[in-house]
>>> print(open('data36.cif').read())   # mmCIF, C-alpha atoms; chains and numbers go by the auth columns
data_target
#
loop_
_atom_site.group_PDB
_atom_site.id
_atom_site.type_symbol
_atom_site.label_atom_id
_atom_site.label_comp_id
_atom_site.label_asym_id
_atom_site.label_seq_id
_atom_site.Cartn_x
_atom_site.Cartn_y
_atom_site.Cartn_z
_atom_site.B_iso_or_equiv
_atom_site.auth_seq_id
_atom_site.auth_asym_id
ATOM 1 C CA MET A 1 88.689 -107.257 -22.525 0.00 13 A
ATOM 2 C CA ARG A 2 88.352 -107.812 -18.773 0.00 14 A
ATOM 3 C CA MET A 3 91.440 -110.009 -18.811 0.00 15 A
ATOM 4 C CA MET A 4 93.394 -107.332 -20.684 0.00 16 A
ATOM 5 C CA VAL A 5 92.492 -104.734 -18.063 0.00 17 A
ATOM 6 C CA ILE A 6 93.358 -107.082 -15.183 0.00 18 A
ATOM 7 C CA PHE A 7 96.602 -108.481 -16.564 0.00 19 A
ATOM 8 C CA ALA A 8 97.861 -105.252 -18.145 0.00 20 A
ATOM 9 C CA GLY A 9 96.516 -102.477 -15.925 0.00 21 A
ATOM 10 C CA GLN A 10 96.470 -104.187 -12.522 0.00 22 A
ATOM 11 C CA PRO A 11 100.131 -105.316 -12.547 0.00 23 A
ATOM 12 C CA PHE A 12 101.129 -101.719 -13.348 0.00 24 A
ATOM 13 C CA ILE A 13 99.174 -100.420 -10.356 0.00 25 A
ATOM 14 C CA VAL A 14 100.519 -103.178 -8.087 0.00 26 A
ATOM 15 C CA GLY A 15 104.073 -102.463 -9.206 0.00 27 A
ATOM 16 C CA LEU A 16 103.646 -98.714 -8.706 0.00 28 A
ATOM 17 C CA TYR A 17 102.297 -99.092 -5.166 0.00 29 A
ATOM 18 C CA LEU A 18 104.940 -101.657 -4.178 0.00 30 A
ATOM 19 C CA PHE A 19 107.698 -99.438 -5.596 0.00 31 A
ATOM 20 C CA LEU A 20 106.478 -96.327 -3.764 0.00 32 A
ATOM 21 C CA GLY A 21 105.846 -98.265 -0.546 0.00 33 A
ATOM 22 C CA ILE A 22 109.409 -99.623 -0.561 0.00 34 A
ATOM 23 C CA LYS A 23 110.812 -96.146 -1.291 0.00 35 A
ATOM 24 C CA VAL A 24 108.826 -94.620 1.569 0.00 36 A
ATOM 25 C CA ILE A 25 109.975 -97.230 4.078 0.00 37 A
ATOM 26 C CA ARG A 26 113.618 -96.904 2.943 0.00 38 A
ATOM 27 C CA LYS A 27 113.570 -93.122 3.195 0.00 39 A
ATOM 28 C CA ASN A 28 111.642 -93.122 6.480 0.00 40 A
ATOM 29 C CA PRO A 29 112.297 -96.327 8.470 0.00 41 A
ATOM 30 C CA ILE A 30 110.630 -94.797 11.541 0.00 42 A
ATOM 31 C CA LEU A 31 107.141 -95.727 12.803 0.00 43 A
ATOM 32 C CA SER A 32 105.206 -93.134 10.791 0.00 44 A
ATOM 33 C CA GLY A 33 107.143 -94.068 7.648 0.00 45 A
ATOM 34 C CA ARG A 34 106.298 -97.748 8.072 0.00 46 A
ATOM 35 C CA LEU A 35 102.643 -96.873 8.586 0.00 47 A
ATOM 36 C CA PHE A 36 102.543 -94.704 5.470 0.00 48 A
ATOM 37 C CA ALA A 37 104.214 -97.522 3.525 0.00 49 A
ATOM 38 C CA SER A 38 101.612 -99.964 4.854 0.00 50 A
ATOM 39 C CA TYR A 39 98.940 -98.003 3.009 0.00 51 A
ATOM 40 C CA TYR A 40 100.732 -98.639 -0.297 0.00 52 A
ATOM 41 C CA PHE A 41 101.299 -102.296 0.561 0.00 53 A
ATOM 42 C CA MET A 42 97.619 -102.827 1.427 0.00 54 A
ATOM 43 C CA ILE A 43 96.487 -101.400 -1.911 0.00 55 A
ATOM 44 C CA ALA A 44 99.110 -103.509 -3.716 0.00 56 A
ATOM 45 C CA SER A 45 97.909 -106.619 -1.844 0.00 57 A
ATOM 46 C CA ALA A 46 94.339 -105.901 -2.929 0.00 58 A
ATOM 47 C CA GLY A 47 95.535 -105.652 -6.528 0.00 59 A
ATOM 48 C CA ILE A 48 97.448 -108.941 -6.316 0.00 60 A
ATOM 49 C CA LEU A 49 94.408 -110.745 -4.897 0.00 61 A
ATOM 50 C CA ASN A 50 92.258 -109.257 -7.647 0.00 62 A
ATOM 51 C CA ILE A 51 94.606 -110.709 -10.275 0.00 63 A
ATOM 52 C CA VAL A 52 94.669 -114.097 -8.559 0.00 64 A
ATOM 53 C CA TYR A 53 90.922 -114.588 -8.286 0.00 65 A
ATOM 54 C CA ALA A 54 90.429 -113.543 -11.923 0.00 66 A
ATOM 55 C CA LEU A 55 91.961 -116.929 -12.788 0.00 67 A
ATOM 56 C CA ILE A 56 89.681 -118.918 -10.476 0.00 68 A
ATOM 57 C CA PHE A 57 86.128 -120.006 -11.220 0.00 69 A
ATOM 58 C CA ASP A 58 85.070 -121.560 -7.931 0.00 70 A
ATOM 59 C CA GLU A 59 82.410 -119.322 -6.356 0.00 71 A
ATOM 60 C CA ASN A 60 83.410 -119.920 -2.724 0.00 72 A
ATOM 61 C CA ILE A 61 87.119 -119.337 -3.297 0.00 73 A
ATOM 62 C CA VAL A 62 86.512 -116.289 -5.480 0.00 74 A
ATOM 63 C CA LYS A 63 84.146 -114.755 -2.936 0.00 75 A
ATOM 64 C CA SER A 64 86.677 -115.299 -0.125 0.00 76 A
ATOM 65 C CA LEU A 65 89.489 -113.682 -2.114 0.00 77 A
ATOM 66 C CA ASN A 66 87.203 -110.818 -3.101 0.00 78 A
ATOM 67 C CA PHE A 67 86.390 -110.273 0.576 0.00 79 A
ATOM 68 C CA LEU A 68 90.119 -109.980 1.369 0.00 80 A
ATOM 69 C CA THR A 69 90.539 -107.641 -1.595 0.00 81 A
ATOM 70 C CA ASN A 70 87.792 -105.355 -0.299 0.00 82 A
ATOM 71 C CA LEU A 71 89.221 -105.552 3.212 0.00 83 A
ATOM 72 C CA PHE A 72 92.726 -104.451 2.181 0.00 84 A
ATOM 73 C CA ALA A 73 91.501 -101.683 -0.119 0.00 85 A
ATOM 74 C CA ASP A 74 88.655 -100.228 1.941 0.00 86 A
ATOM 75 C CA LEU A 75 90.456 -100.283 5.301 0.00 87 A
ATOM 76 C CA SER A 76 93.749 -98.928 3.918 0.00 88 A
ATOM 77 C CA PRO A 77 92.849 -95.292 4.835 0.00 89 A
ATOM 78 C CA ILE A 78 93.190 -96.309 8.497 0.00 90 A
ATOM 79 C CA MET A 79 96.947 -96.784 7.988 0.00 91 A
ATOM 80 C CA ILE A 80 97.345 -93.196 6.772 0.00 92 A
ATOM 81 C CA LEU A 81 95.217 -91.968 9.663 0.00 93 A
ATOM 82 C CA VAL A 82 97.377 -93.765 12.237 0.00 94 A
ATOM 83 C CA ALA A 83 100.544 -92.378 10.615 0.00 95 A
ATOM 84 C CA GLN A 84 99.107 -88.878 10.844 0.00 96 A
ATOM 85 C CA LEU A 85 98.275 -89.362 14.513 0.00 97 A
ATOM 86 C CA VAL A 86 101.910 -90.310 15.115 0.00 98 A
ATOM 87 C CA LEU A 87 102.972 -87.013 13.528 0.00 99 A
ATOM 88 C CA TYR A 88 100.370 -85.040 15.467 0.00 100 A
ATOM 89 C CA LYS A 89 102.151 -85.216 18.805 0.00 101 A
ATOM 90 C CA ARG A 90 99.342 -83.473 20.671 0.00 102 A
ATOM 91 C CA PHE A 91 97.117 -86.518 20.132 0.00 103 A
ATOM 92 C CA LYS A 92 96.750 -89.053 22.974 0.00 104 A
ATOM 93 C CA PHE A 93 98.193 -91.858 20.901 0.00 105 A
ATOM 94 C CA LYS A 94 97.612 -94.970 23.057 0.00 106 A
ATOM 95 C CA LYS A 95 93.976 -94.139 23.696 0.00 107 A
ATOM 96 C CA GLY A 96 93.409 -93.295 20.042 0.00 108 A
ATOM 97 C CA ILE A 97 95.017 -96.528 18.834 0.00 109 A
ATOM 98 C CA THR A 98 92.715 -98.520 21.103 0.00 110 A
ATOM 99 C CA TYR A 99 89.713 -96.845 19.490 0.00 111 A
ATOM 100 C CA LEU A 100 91.092 -97.413 15.992 0.00 112 A
ATOM 101 C CA LEU A 101 91.829 -101.102 16.580 0.00 113 A
ATOM 102 C CA THR A 102 88.332 -101.589 17.974 0.00 114 A
ATOM 103 C CA TYR A 103 86.888 -99.836 14.933 0.00 115 A
ATOM 104 C CA LEU A 104 89.038 -101.954 12.620 0.00 116 A
ATOM 105 C CA LEU A 105 87.911 -105.247 14.173 0.00 117 A
ATOM 106 C CA LEU A 106 84.238 -104.225 14.158 0.00 118 A
ATOM 107 C CA SER A 107 84.488 -103.118 10.517 0.00 119 A
ATOM 108 C CA MET A 108 86.127 -106.399 9.472 0.00 120 A
ATOM 109 C CA SER A 109 83.463 -108.420 11.291 0.00 121 A
ATOM 110 C CA PHE A 110 80.633 -106.366 9.804 0.00 122 A
ATOM 111 C CA MET A 111 81.987 -106.700 6.255 0.00 123 A
ATOM 112 C CA TYR A 112 82.415 -110.450 6.745 0.00 124 A
ATOM 113 C CA ILE A 113 78.825 -110.906 7.938 0.00 125 A
ATOM 114 C CA LEU A 114 77.413 -108.845 5.065 0.00 126 A
ATOM 115 C CA THR A 115 79.538 -110.640 2.474 0.00 127 A
ATOM 116 C CA PHE A 116 78.956 -114.246 3.502 0.00 128 A
ATOM 117 C CA PHE A 117 75.629 -114.250 5.323 0.00 129 A
ATOM 118 C CA PHE A 118 73.620 -111.608 3.472 0.00 130 A
ATOM 119 C CA ASP A 119 75.080 -111.901 -0.049 0.00 131 A
ATOM 120 C CA GLY A 120 76.301 -108.319 0.002 0.00 132 A
ATOM 121 C CA VAL A 121 78.603 -109.245 -2.864 0.00 133 A
ATOM 122 C CA VAL A 122 77.601 -111.558 -5.694 0.00 134 A
ATOM 123 C CA ILE A 123 80.399 -112.935 -7.867 0.00 135 A
ATOM 124 C CA ASN A 124 79.767 -115.950 -10.086 0.00 136 A
ATOM 125 C CA ALA A 125 79.041 -116.880 -13.694 0.00 137 A
ATOM 126 C CA SER A 126 75.917 -114.700 -13.742 0.00 138 A
ATOM 127 C CA THR A 127 78.060 -111.610 -13.060 0.00 139 A
ATOM 128 C CA PHE A 128 80.781 -112.735 -15.504 0.00 140 A
ATOM 129 C CA TRP A 129 82.931 -113.490 -12.416 0.00 141 A
ATOM 130 C CA ARG A 130 83.140 -109.819 -11.510 0.00 142 A
ATOM 131 C CA PRO A 131 81.932 -108.523 -8.125 0.00 143 A
ATOM 132 C CA SER A 132 78.486 -106.965 -8.049 0.00 144 A
ATOM 133 C CA TRP A 133 77.728 -105.145 -4.821 0.00 145 A
ATOM 134 C CA GLY A 134 74.302 -104.785 -3.264 0.00 146 A
ATOM 135 C CA VAL A 135 73.202 -101.263 -2.390 0.00 147 A
ATOM 136 C CA PHE A 136 73.131 -101.933 1.371 0.00 148 A
ATOM 137 C CA PHE A 137 76.609 -103.462 1.285 0.00 149 A
ATOM 138 C CA TYR A 138 77.879 -100.462 -0.679 0.00 150 A
ATOM 139 C CA LEU A 139 76.368 -97.959 1.769 0.00 151 A
ATOM 140 C CA SER A 140 77.803 -99.895 4.715 0.00 152 A
ATOM 141 C CA VAL A 141 81.311 -99.990 3.235 0.00 153 A
ATOM 142 C CA LEU A 142 81.001 -96.317 2.314 0.00 154 A
ATOM 143 C CA ALA A 143 80.157 -95.472 5.931 0.00 155 A
ATOM 144 C CA ILE A 144 83.075 -97.600 7.188 0.00 156 A
ATOM 145 C CA MET A 145 85.451 -95.709 4.890 0.00 157 A
ATOM 146 C CA ILE A 146 84.102 -92.208 5.422 0.00 158 A
ATOM 147 C CA ILE A 147 84.638 -92.174 9.202 0.00 159 A
ATOM 148 C CA PRO A 148 88.472 -92.600 9.120 0.00 160 A
ATOM 149 C CA ILE A 149 88.673 -90.473 5.965 0.00 161 A
ATOM 150 C CA ALA A 150 86.859 -87.594 7.662 0.00 162 A
ATOM 151 C CA ILE A 151 89.087 -87.852 10.753 0.00 163 A
ATOM 152 C CA ASN A 152 92.102 -88.044 8.457 0.00 164 A
ATOM 153 C CA ILE A 153 91.164 -84.819 6.673 0.00 165 A
ATOM 154 C CA VAL A 154 90.557 -83.027 9.982 0.00 166 A
ATOM 155 C CA PHE A 155 93.994 -83.981 11.299 0.00 167 A
ATOM 156 C CA SER A 156 95.623 -83.132 7.943 0.00 168 A
ATOM 157 C CA VAL A 157 94.324 -79.586 8.338 0.00 169 A
ATOM 158 C CA LYS A 158 95.394 -79.487 12.014 0.00 170 A
ATOM 159 C CA ILE A 159 98.937 -80.527 11.085 0.00 171 A
ATOM 160 C CA TYR A 160 99.075 -77.995 8.266 0.00 172 A
ATOM 161 C CA ARG A 161 98.037 -75.222 10.648 0.00 173 A
ATOM 162 C CA ILE A 162 100.827 -75.973 13.126 0.00 174 A
ATOM 163 C CA ILE A 163 103.528 -75.902 10.440 0.00 175 A
ATOM 164 C CA PRO A 164 105.206 -72.478 10.813 0.00 176 A
ATOM 165 C CA ILE A 165 104.291 -69.995 8.081 0.00 177 A
ATOM 166 C CA GLY A 166 107.976 -69.507 7.377 0.00 178 A
ATOM 167 C CA ALA A 167 108.523 -73.230 6.685 0.00 179 A
ATOM 168 C CA LEU A 168 107.522 -72.868 3.028 0.00 180 A
ATOM 169 C CA GLU A 169 108.894 -76.215 1.844 0.00 181 A
ATOM 170 C CA SER A 170 107.160 -78.109 4.655 0.00 182 A
ATOM 171 C CA ARG A 171 103.842 -76.382 3.945 0.00 183 A
ATOM 172 C CA LYS A 172 104.211 -77.079 0.231 0.00 184 A
ATOM 173 C CA ARG A 173 104.888 -80.763 0.820 0.00 185 A
ATOM 174 C CA TRP A 174 101.929 -81.096 3.162 0.00 186 A
ATOM 175 C CA ARG A 175 99.659 -79.463 0.566 0.00 187 A
ATOM 176 C CA TYR A 176 100.833 -82.115 -1.899 0.00 188 A
ATOM 177 C CA TYR A 177 99.983 -84.720 0.708 0.00 189 A
ATOM 178 C CA MET A 178 96.481 -83.348 1.350 0.00 190 A
ATOM 179 C CA VAL A 179 95.650 -83.170 -2.369 0.00 191 A
ATOM 180 C CA GLY A 180 96.990 -86.699 -2.918 0.00 192 A
ATOM 181 C CA THR A 181 95.084 -88.033 0.071 0.00 193 A
ATOM 182 C CA ILE A 182 91.755 -86.549 -1.012 0.00 194 A
ATOM 183 C CA GLY A 183 92.315 -87.761 -4.588 0.00 195 A
ATOM 184 C CA SER A 184 93.223 -91.295 -3.474 0.00 196 A
ATOM 185 C CA TYR A 185 90.187 -91.489 -1.208 0.00 197 A
ATOM 186 C CA SER A 186 87.932 -90.159 -3.960 0.00 198 A
ATOM 187 C CA TYR A 187 89.247 -92.891 -6.244 0.00 199 A
ATOM 188 C CA LEU A 188 88.442 -95.613 -3.697 0.00 200 A
ATOM 189 C CA ILE A 189 84.921 -94.285 -3.204 0.00 201 A
ATOM 190 C CA PHE A 190 84.361 -93.932 -6.950 0.00 202 A
ATOM 191 C CA PHE A 191 85.656 -97.442 -7.610 0.00 203 A
ATOM 192 C CA ASN A 192 83.291 -98.884 -5.008 0.00 204 A
ATOM 193 C CA THR A 193 80.403 -96.936 -6.548 0.00 205 A
ATOM 194 C CA PHE A 194 81.371 -98.439 -9.891 0.00 206 A
ATOM 195 C CA ASN A 195 80.977 -101.947 -8.433 0.00 207 A
ATOM 196 C CA VAL A 196 77.363 -101.091 -7.592 0.00 208 A
ATOM 197 C CA LEU A 197 76.529 -99.508 -10.940 0.00 209 A
ATOM 198 C CA LEU A 198 78.362 -102.039 -13.097 0.00 210 A
ATOM 199 C CA PHE A 199 75.495 -104.460 -13.659 0.00 211 A
ATOM 200 C CA LYS A 200 72.663 -102.010 -13.077 0.00 212 A
ATOM 201 C CA VAL A 201 73.494 -99.031 -15.292 0.00 213 A
ATOM 202 C CA ILE A 202 76.682 -99.609 -17.310 0.00 214 A
ATOM 203 C CA PRO A 203 76.408 -102.150 -20.177 0.00 215 A
ATOM 204 C CA TYR A 204 78.817 -105.058 -19.914 0.00 216 A
ATOM 205 C CA ASP A 205 80.547 -104.286 -23.218 0.00 217 A
ATOM 206 C CA LYS A 206 81.241 -100.677 -22.116 0.00 218 A
ATOM 207 C CA ALA A 207 82.444 -101.404 -18.575 0.00 219 A
ATOM 208 C CA TRP A 208 86.099 -101.877 -19.531 0.00 220 A
ATOM 209 C CA ILE A 209 86.316 -98.202 -20.567 0.00 221 A
ATOM 210 C CA PHE A 210 85.669 -97.130 -16.981 0.00 222 A
ATOM 211 C CA TYR A 211 88.334 -99.510 -15.673 0.00 223 A
ATOM 212 C CA VAL A 212 90.879 -98.000 -18.070 0.00 224 A
ATOM 213 C CA VAL A 213 89.978 -94.455 -16.954 0.00 225 A
ATOM 214 C CA LEU A 214 90.348 -95.453 -13.299 0.00 226 A
ATOM 215 C CA ILE A 215 93.747 -97.034 -13.942 0.00 227 A
ATOM 216 C CA LEU A 216 94.961 -93.916 -15.773 0.00 228 A
ATOM 217 C CA ILE A 217 94.063 -91.493 -12.966 0.00 229 A
ATOM 218 C CA ILE A 218 95.524 -93.561 -10.117 0.00 230 A
ATOM 219 C CA PRO A 219 99.208 -92.596 -10.689 0.00 231 A
ATOM 220 C CA PHE A 220 98.340 -88.884 -10.563 0.00 232 A
ATOM 221 C CA TRP A 221 96.963 -89.008 -7.017 0.00 233 A
ATOM 222 C CA THR A 222 99.481 -91.625 -5.891 0.00 234 A
ATOM 223 C CA VAL A 223 102.456 -89.488 -6.887 0.00 235 A
ATOM 224 C CA PHE A 224 100.977 -86.422 -5.167 0.00 236 A
ATOM 225 C CA LEU A 225 100.551 -88.438 -1.990 0.00 237 A
ATOM 226 C CA TYR A 226 104.090 -89.782 -2.297 0.00 238 A
ATOM 227 C CA LYS A 227 105.589 -86.319 -2.853 0.00 239 A
ATOM 228 C CA GLY A 228 103.962 -85.153 0.343 0.00 240 A
ATOM 229 C CA ILE A 229 105.065 -87.990 2.627 0.00 241 A
ATOM 230 C CA ILE A 230 108.441 -89.108 1.249 0.00 242 A
ATOM 231 C CA GLN A 231 110.262 -86.520 3.360 0.00 243 A
ATOM 232 C CA HIS A 232 107.708 -86.072 6.139 0.00 244 A
ATOM 233 C CA ARG A 233 110.471 -86.288 8.750 0.00 245 A
ATOM 234 C CA LYS A 234 111.639 -82.897 7.464 0.00 246 A
ATOM 235 C CA ILE A 235 108.226 -81.298 8.002 0.00 247 A
ATOM 236 C CA ILE A 236 108.648 -78.769 10.768 0.00 248 A
ATOM 237 C CA LEU A 237 105.903 -78.707 13.402 0.00 249 A
ATOM 238 C CA GLN A 238 105.569 -76.155 16.159 0.00 250 A
#
>>> encode(input="data36.cif", output="structure tokens")
Amino acid sequence: MRMMVIFAGQPFIVGLYLFLGIKVIRKNPILSGRLFASYYFMIASAGILNIVYALIFDENIVKSLNFLTNLFADLSPIMILVAQLVLYKRFKFKKGITYLLTYLLLSMSFMYILTFFFDGVVINASTFWRPSWGVFFYLSVLAIMIIPIAINIVFSVKIYRIIPIGALESRKRWRYYMVGTIGSYSYLIFFNTFNVLLFKVIPYDKAWIFYVVLILIIPFWTVFLYKGIIQHRKIILQ
């Protein structure tokens, strides 16, 4: 059943994110468009790696690929945040990017140390070759994600407030974007929580049901996010 979910559901998600990422970058080949597209490409890369290591049964290789999977997925919100900062012209961009790059490097280093030196993630035959996260690792990753997500939401609201009231289409599109962003982030957090609960609460033979539910709700939030950013160049800011 796990293989069915991975090789049926995951390719669909990968294809969807690659398709939308390519469309975004074609419609908006400017800096903010490329950054928005990078978010889709990072999630797609995580999905591809997840498919690849499902076929491998060497613990060291699998753990390394799982680390990269977590890295792409859990740090992807930073790409949306940077794109928003480009749109928010009142932000001191160079200084902010320095802070974000520092945060990104520290987060990557911290996740690496927890994964390989403190067994934050266990993935071997005893876990049926599926990742099982420790509680401390989960809380650490959650904290790493929440900081850029919180900043992202704050700047989403700031941008919405500076869109003129009369620019109805721009305000509508940005509402789509905010709903899609919050939904996509909620999915990432829920999926990570699932990795913690999988071998502690949810029986192995029932776990596939939760994967199917997660795969079914992804397109909903993804399309909302896409509808909001596909024509972000047309969003009118004061």
>>> residues_around(input="data36.cif", residues="region 169-171 of chain A", least_positions_apart="5", cutoff="9 Å", atoms="all atoms listed in the file", output="short mmCIF file (atom, residue, chain, number, x, y, z; two decimals) with C-alpha atoms, in the coordinates of the input")
data_model
loop_
_atom_site.label_atom_id
_atom_site.label_comp_id
_atom_site.auth_asym_id
_atom_site.auth_seq_id
_atom_site.Cartn_x
_atom_site.Cartn_y
_atom_site.Cartn_z
CA GLN A 96 99.11 -88.88 10.84
CA LEU A 99 102.97 -87.01 13.53
CA TYR A 100 100.37 -85.04 15.47
CA ASN A 164 92.10 -88.04 8.46
CA TRP A 186 101.93 -81.10 3.16
CA MET A 190 96.48 -83.35 1.35
CA LEU A 249 105.90 -78.71 13.40
#
>>> closest_residue(input="data36.cif", among="A:Tyr51, A:Phe232, A:Tyr238, A:Phe148", to="Phe130 (chain A)", atoms="only C-alpha atoms")
A:Phe148
>>> resolve_selection(input="data36.cif", expression="the PyMOL selection byres ((chain A and resi 141) around 10)", output="mmCIF file with C-alpha atoms, keeping the file's coordinate frame")
data_model
loop_
_atom_site.group_PDB
_atom_site.id
_atom_site.type_symbol
_atom_site.label_atom_id
_atom_site.label_comp_id
_atom_site.auth_asym_id
_atom_site.auth_seq_id
_atom_site.Cartn_x
_atom_site.Cartn_y
_atom_site.Cartn_z
ATOM 1 C CA TYR A 65 90.922 -114.588 -8.286
ATOM 2 C CA ALA A 66 90.429 -113.543 -11.923
ATOM 3 C CA LEU A 67 91.961 -116.929 -12.788
ATOM 4 C CA ILE A 68 89.681 -118.918 -10.476
ATOM 5 C CA PHE A 69 86.128 -120.006 -11.220
ATOM 6 C CA ASP A 70 85.070 -121.560 -7.931
ATOM 7 C CA GLU A 71 82.410 -119.322 -6.356
ATOM 8 C CA VAL A 74 86.512 -116.289 -5.480
ATOM 9 C CA LYS A 75 84.146 -114.755 -2.936
ATOM 10 C CA VAL A 134 77.601 -111.558 -5.694
ATOM 11 C CA ILE A 135 80.399 -112.935 -7.867
ATOM 12 C CA ASN A 136 79.767 -115.950 -10.086
ATOM 13 C CA ALA A 137 79.041 -116.880 -13.694
ATOM 14 C CA SER A 138 75.917 -114.700 -13.742
ATOM 15 C CA THR A 139 78.060 -111.610 -13.060
ATOM 16 C CA PHE A 140 80.781 -112.735 -15.504
ATOM 17 C CA ARG A 142 83.140 -109.819 -11.510
ATOM 18 C CA PRO A 143 81.932 -108.523 -8.125
ATOM 19 C CA SER A 144 78.486 -106.965 -8.049
#
>>> atom_distance(input="data36.cif", atom1="CA of Ala85 (chain A)", atom2="CA of Tyr29 (chain A)")
12.2 Å
>>> residues_around(input="data36.cif", residues="Phe122 (chain A)", least_positions_apart="4", cutoff="10 Å", atoms="only C-alpha atoms", output="ChimeraX atom specification")
/A:116-118,126-127,149,152-153,156
>>> residues_near_point(input="data36.cif", point="(98.7, -91.1, 13.1)", cutoff="10 Å", atoms="all atoms listed in the file", output="PyMOL selection string")
chain A and resi 43-44+47-48+90-101+103+105+108-109+164+167-168
>>> closest_residue(input="data36.cif", among="A:Leu237, A:Leu226, A:Leu154, A:Ile177", to="Ala49 (chain A)", atoms="all atoms listed in the file")
A:Leu237
>>> atom_distance(input="data36.cif", atom1="CA of Val191 (chain A)", atom2="CA of Pro160 (chain A)")
16.5 Å
>>> residues_around(input="data36.cif", residues="Ile25 (chain A)", least_positions_apart="6", cutoff="8 Å", atoms="all atoms listed in the file", output="MDAnalysis selection string")
chainID A and resid 56 59 227 230:231
>>> write_last_selection(input="data36.cif", atoms="C-alpha atoms", output="tab-separated table (two decimals), in the frame of the given file")
chain	number	residue	atom	x	y	z
A	56	ALA	CA	99.11	-103.51	-3.72
A	59	GLY	CA	95.54	-105.65	-6.53
A	227	ILE	CA	93.75	-97.03	-13.94
A	230	ILE	CA	95.52	-93.56	-10.12
A	231	PRO	CA	99.21	-92.60	-10.69
>>> resolve_selection(input="data36.cif", expression="the PyMOL selection byres ((chain A and resi 22) around 9)", output="list in words")
Val17, Ile18, Phe19, Ala20, Gly21, Pro23, Phe24, Ile25, Val26, Gly27, Gly59, Ile60, Asn62, Ile63 and Ile227 of chain A
>>> write_last_selection(input="data36.cif", atoms="C-alpha atoms", output="PDB file, in the coordinates of the input")
ATOM      1  CA  VAL A  17      92.492-104.734 -18.063  1.00  0.00           C
ATOM      2  CA  ILE A  18      93.358-107.082 -15.183  1.00  0.00           C
ATOM      3  CA  PHE A  19      96.602-108.481 -16.564  1.00  0.00           C
ATOM      4  CA  ALA A  20      97.861-105.252 -18.145  1.00  0.00           C
ATOM      5  CA  GLY A  21      96.516-102.477 -15.925  1.00  0.00           C
ATOM      6  CA  PRO A  23     100.131-105.316 -12.547  1.00  0.00           C
ATOM      7  CA  PHE A  24     101.129-101.719 -13.348  1.00  0.00           C
ATOM      8  CA  ILE A  25      99.174-100.420 -10.356  1.00  0.00           C
ATOM      9  CA  VAL A  26     100.519-103.178  -8.087  1.00  0.00           C
ATOM     10  CA  GLY A  27     104.073-102.463  -9.206  1.00  0.00           C
ATOM     11  CA  GLY A  59      95.535-105.652  -6.528  1.00  0.00           C
ATOM     12  CA  ILE A  60      97.448-108.941  -6.316  1.00  0.00           C
ATOM     13  CA  ASN A  62      92.258-109.257  -7.647  1.00  0.00           C
ATOM     14  CA  ILE A  63      94.606-110.709 -10.275  1.00  0.00           C
ATOM     15  CA  ILE A 227      93.747 -97.034 -13.942  1.00  0.00           C
TER      16      ILE A 227
END
>>> closest_residue(input="data36.cif", among="A:Ser119, A:Ser88, A:Asn82, A:Ser182", to="Tyr197 (chain A)", atoms="all atoms listed in the file")
A:Ser88
>>> axis_aligned_box(input="data36.cif", around="region 45-64 of chain A", padding_each_side="4 Å", output="JSON")
{"center_x": 99.7, "center_y": -104.1, "center_z": -0.8, "size_x": 22.9, "size_y": 28.0, "size_z": 26.9}
>>> atom_distance(input="data36.cif", atom1="CA of Val147 (chain A)", atom2="CA of Asn78 (chain A)")
17.0 Å
